[in-house]
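Below: input-v5.cif (mmCIF, C-alpha atoms and all ligand atoms)
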```cif
data_structure
loop_
_atom_site.group_PDB
_atom_site.id
_atom_site.type_symbol
_atom_site.label_atom_id
_atom_site.label_comp_id
_atom_site.auth_asym_id
_atom_site.auth_seq_id
_atom_site.Cartn_x
_atom_site.Cartn_y
_atom_site.Cartn_z
ATOM 1 C CA MET A 1 -24.807 -41.749 -19.148
ATOM 2 C CA ARG A 2 -23.809 -40.012 -15.920
ATOM 3 C CA ILE A 3 -20.523 -40.388 -14.102
ATOM 4 C CA THR A 4 -20.268 -39.543 -10.423
ATOM 5 C CA CYS A 5 -16.962 -37.723 -10.107
ATOM 6 C CA PRO A 6 -15.514 -38.147 -6.584
ATOM 7 C CA HIS A 7 -14.750 -34.396 -6.576
ATOM 8 C CA CYS A 8 -17.728 -32.836 -8.419
ATOM 9 C CA GLY A 9 -20.638 -35.256 -7.969
ATOM 10 C CA ALA A 10 -22.871 -36.743 -10.675
ATOM 11 C CA ARG A 11 -22.213 -35.160 -14.099
ATOM 12 C CA ASP A 12 -23.151 -35.867 -17.695
ATOM 13 C CA ALA A 13 -20.631 -38.016 -19.567
ATOM 14 C CA GLN A 14 -20.170 -35.191 -22.112
ATOM 15 C CA GLU A 15 -18.063 -33.391 -19.486
ATOM 16 C CA PHE A 16 -15.557 -36.249 -19.631
ATOM 17 C CA SER A 17 -13.112 -37.558 -22.206
ATOM 18 C CA TYR A 18 -12.520 -41.262 -22.609
ATOM 19 C CA LEU A 19 -8.907 -42.384 -22.852
ATOM 20 C CA GLY A 20 -9.138 -46.167 -22.917
ATOM 21 C CA ALA A 21 -8.522 -49.215 -20.805
ATOM 22 C CA ALA A 22 -7.235 -48.421 -17.320
ATOM 23 C CA ASP A 23 -5.244 -51.592 -16.989
ATOM 24 C CA LEU A 24 -3.259 -51.334 -20.215
ATOM 25 C CA ALA A 25 0.431 -51.807 -19.449
ATOM 26 C CA ARG A 26 3.005 -50.048 -21.646
ATOM 27 C CA PRO A 27 5.814 -52.387 -22.714
ATOM 28 C CA ASP A 28 9.420 -51.354 -22.197
ATOM 29 C CA GLY A 29 10.083 -49.511 -25.448
ATOM 30 C CA MET A 30 13.774 -50.394 -25.480
ATOM 31 C CA ALA A 31 13.230 -54.108 -24.915
ATOM 32 C CA ALA A 32 9.820 -54.811 -26.474
ATOM 33 C CA SER A 33 9.448 -56.222 -29.960
ATOM 34 C CA GLU A 34 7.994 -54.110 -32.760
ATOM 35 C CA ALA A 35 4.887 -56.334 -32.746
ATOM 36 C CA ALA A 36 4.398 -55.757 -29.003
ATOM 37 C CA MET A 37 4.596 -51.965 -29.513
ATOM 38 C CA VAL A 38 2.146 -52.095 -32.442
ATOM 39 C CA ASP A 39 -0.258 -54.069 -30.246
ATOM 40 C CA TYR A 40 0.108 -51.518 -27.441
ATOM 41 C CA VAL A 41 -0.356 -48.446 -29.635
ATOM 42 C CA TYR A 42 -3.008 -49.602 -32.123
ATOM 43 C CA LEU A 43 -4.824 -52.751 -31.035
ATOM 44 C CA ARG A 44 -7.566 -52.671 -28.426
ATOM 45 C CA ASP A 45 -9.983 -55.240 -27.100
ATOM 46 C CA ASN A 46 -13.680 -54.488 -27.351
ATOM 47 C CA PRO A 47 -14.965 -56.176 -24.207
ATOM 48 C CA ARG A 48 -18.601 -56.798 -23.481
ATOM 49 C CA GLY A 49 -19.375 -56.470 -19.798
ATOM 50 C CA ARG A 50 -17.359 -55.042 -16.953
ATOM 51 C CA HIS A 51 -14.388 -52.932 -17.957
ATOM 52 C CA ARG A 52 -12.058 -50.497 -16.162
ATOM 53 C CA GLU A 53 -11.519 -47.291 -18.139
ATOM 54 C CA LEU A 54 -9.613 -44.021 -17.813
ATOM 55 C CA TRP A 55 -11.747 -40.874 -18.102
ATOM 56 C CA TYR A 56 -10.663 -37.225 -17.847
ATOM 57 C CA HIS A 57 -13.040 -34.692 -16.286
ATOM 58 C CA GLY A 58 -12.052 -31.831 -18.586
ATOM 59 C CA ALA A 59 -15.193 -29.725 -18.019
ATOM 60 C CA GLY A 60 -14.942 -30.102 -14.266
ATOM 61 C CA CYS A 61 -12.097 -30.703 -11.855
ATOM 62 C CA ARG A 62 -9.664 -31.874 -14.576
ATOM 63 C CA ALA A 63 -8.966 -35.082 -12.680
ATOM 64 C CA TRP A 64 -8.195 -38.441 -14.239
ATOM 65 C CA LEU A 65 -10.586 -41.100 -13.038
ATOM 66 C CA VAL A 66 -10.741 -44.876 -13.231
ATOM 67 C CA VAL A 67 -14.331 -45.768 -14.069
ATOM 68 C CA GLY A 68 -15.625 -49.303 -13.718
ATOM 69 C CA ARG A 69 -18.334 -49.644 -16.338
ATOM 70 C CA ASP A 70 -20.430 -52.324 -17.955
ATOM 71 C CA THR A 71 -19.941 -51.790 -21.688
ATOM 72 C CA PHE A 72 -23.145 -53.685 -22.490
ATOM 73 C CA THR A 73 -25.560 -51.840 -20.173
ATOM 74 C CA HIS A 74 -23.464 -48.631 -19.782
ATOM 75 C CA ALA A 75 -23.977 -48.904 -16.011
ATOM 76 C CA VAL A 76 -21.237 -47.143 -14.067
ATOM 77 C CA ILE A 77 -20.147 -49.499 -11.303
ATOM 78 C CA SER A 78 -17.348 -47.569 -9.622
ATOM 79 C CA VAL A 79 -15.408 -44.305 -9.941
ATOM 80 C CA GLU A 80 -12.121 -43.556 -8.228
ATOM 81 C CA PRO A 81 -9.328 -41.030 -8.711
ATOM 82 C CA ALA A 82 -6.612 -42.433 -10.974
ATOM 83 C CA LYS A 83 -3.990 -41.456 -8.404
ATOM 84 C CA ARG A 84 -5.201 -44.328 -6.225
ATOM 85 C CA HIS A 85 -4.929 -46.747 -9.120
ATOM 86 C CA ALA A 86 -1.582 -48.530 -9.328
ATOM 87 C CA GLY A 87 0.071 -47.389 -12.533
ATOM 88 C CA GLY A 88 -2.571 -44.671 -13.012
ATOM 89 C CA ALA A 89 -2.115 -41.794 -15.438
ATOM 90 C CA ALA A 90 -2.360 -38.992 -12.884
HETATM 91 ZN ZN ZN B 1 -14.675 -33.798 -11.377
#
```
Whole structure, C-alpha cells version:
Amino acid sequence: MRITCPHCGARDAQEFSYLGAADLARPDGMAASEAAMVDYVYLRDNPRGRHRELWYHGAGCRAWLVVGRDTFTHAVISVEPAKRHAGGAA
C-alpha cells in the first residue's frame, strides 16, 4: 500500500505508523462514566469499507495525516494534514 503524503509525495506505507480512527472523540474524563472511558480506550470498531484514519509519517516529514481509506480494498481515497481536520491530533 502506498500513501501520498501531501508534503513528501507517494511513499510506502511502512514509512507511516497507524494510530487509529480519525474521528474518535475523547469523552470528558471528569464527567464521563467508567464504561464510556473503557469504550474510548480499549474498544474499537472494525469497519469494512471507507474509514478515516490517523497516520504518522515518522520516516518522512513527521506530520500527522488523516487518510481516507477503504479497509476492504486498501485503496487510499484521500490524504490531508491532520491540522486541517477539526479535532486533529497535530
Ligand atoms: Zn510526509
query: Neighbours of range 52-64 of chain A within 7 Å (all atoms listed in the file; same-chain residues fewer than 2 positions away dropped), as a list in words?
result: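 In the requested form, the answer reads His7, Cys8, Glu15, Phe16, Ser17, Tyr18, Leu19, Gly20, Ala21, Ala22, Asp23, Val66, Val67, Gly68, Arg69, Pro81, Ala82 and Ala90 of chain A.
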query: What is the distance, in Å and to one decimal place, between CA of Leu24 in chain A and CA of Gly9 in chain A?
result: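 The value is 26.7 Å.
Shortest separation to ligand ZN 1 (chain B) among A:Tyr40, A:Pro47, A:Met1, A:Asp12 occurs at residue A:Asp12, atoms counted being all atoms listed in the file.
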Please put the answer as AutoDock Vina command-line options: centre and edge lengths, in Å with one decimal, of a box along x, y and z that encloses all listed atoms of range 42-49 of chain A plus 5 Å on each side.
```
--center_x -11.2 --center_y -53.2 --center_z -26.0 --size_x 26.4 --size_y 17.2 --size_z 22.3
```
query: Residues picked by the PyMOL selection byres (((chain A and resi 71-75) around 7) and not hetatm) here, as a list of chain:residue names?
result: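 So the PyMOL selection byres (((chain A and resi 71-75) around 7) and not hetatm), applied here, picks out A:Arg48, A:Gly49, A:Arg50, A:His51, A:Arg69, A:Asp70, A:Val76, A:Ile77.
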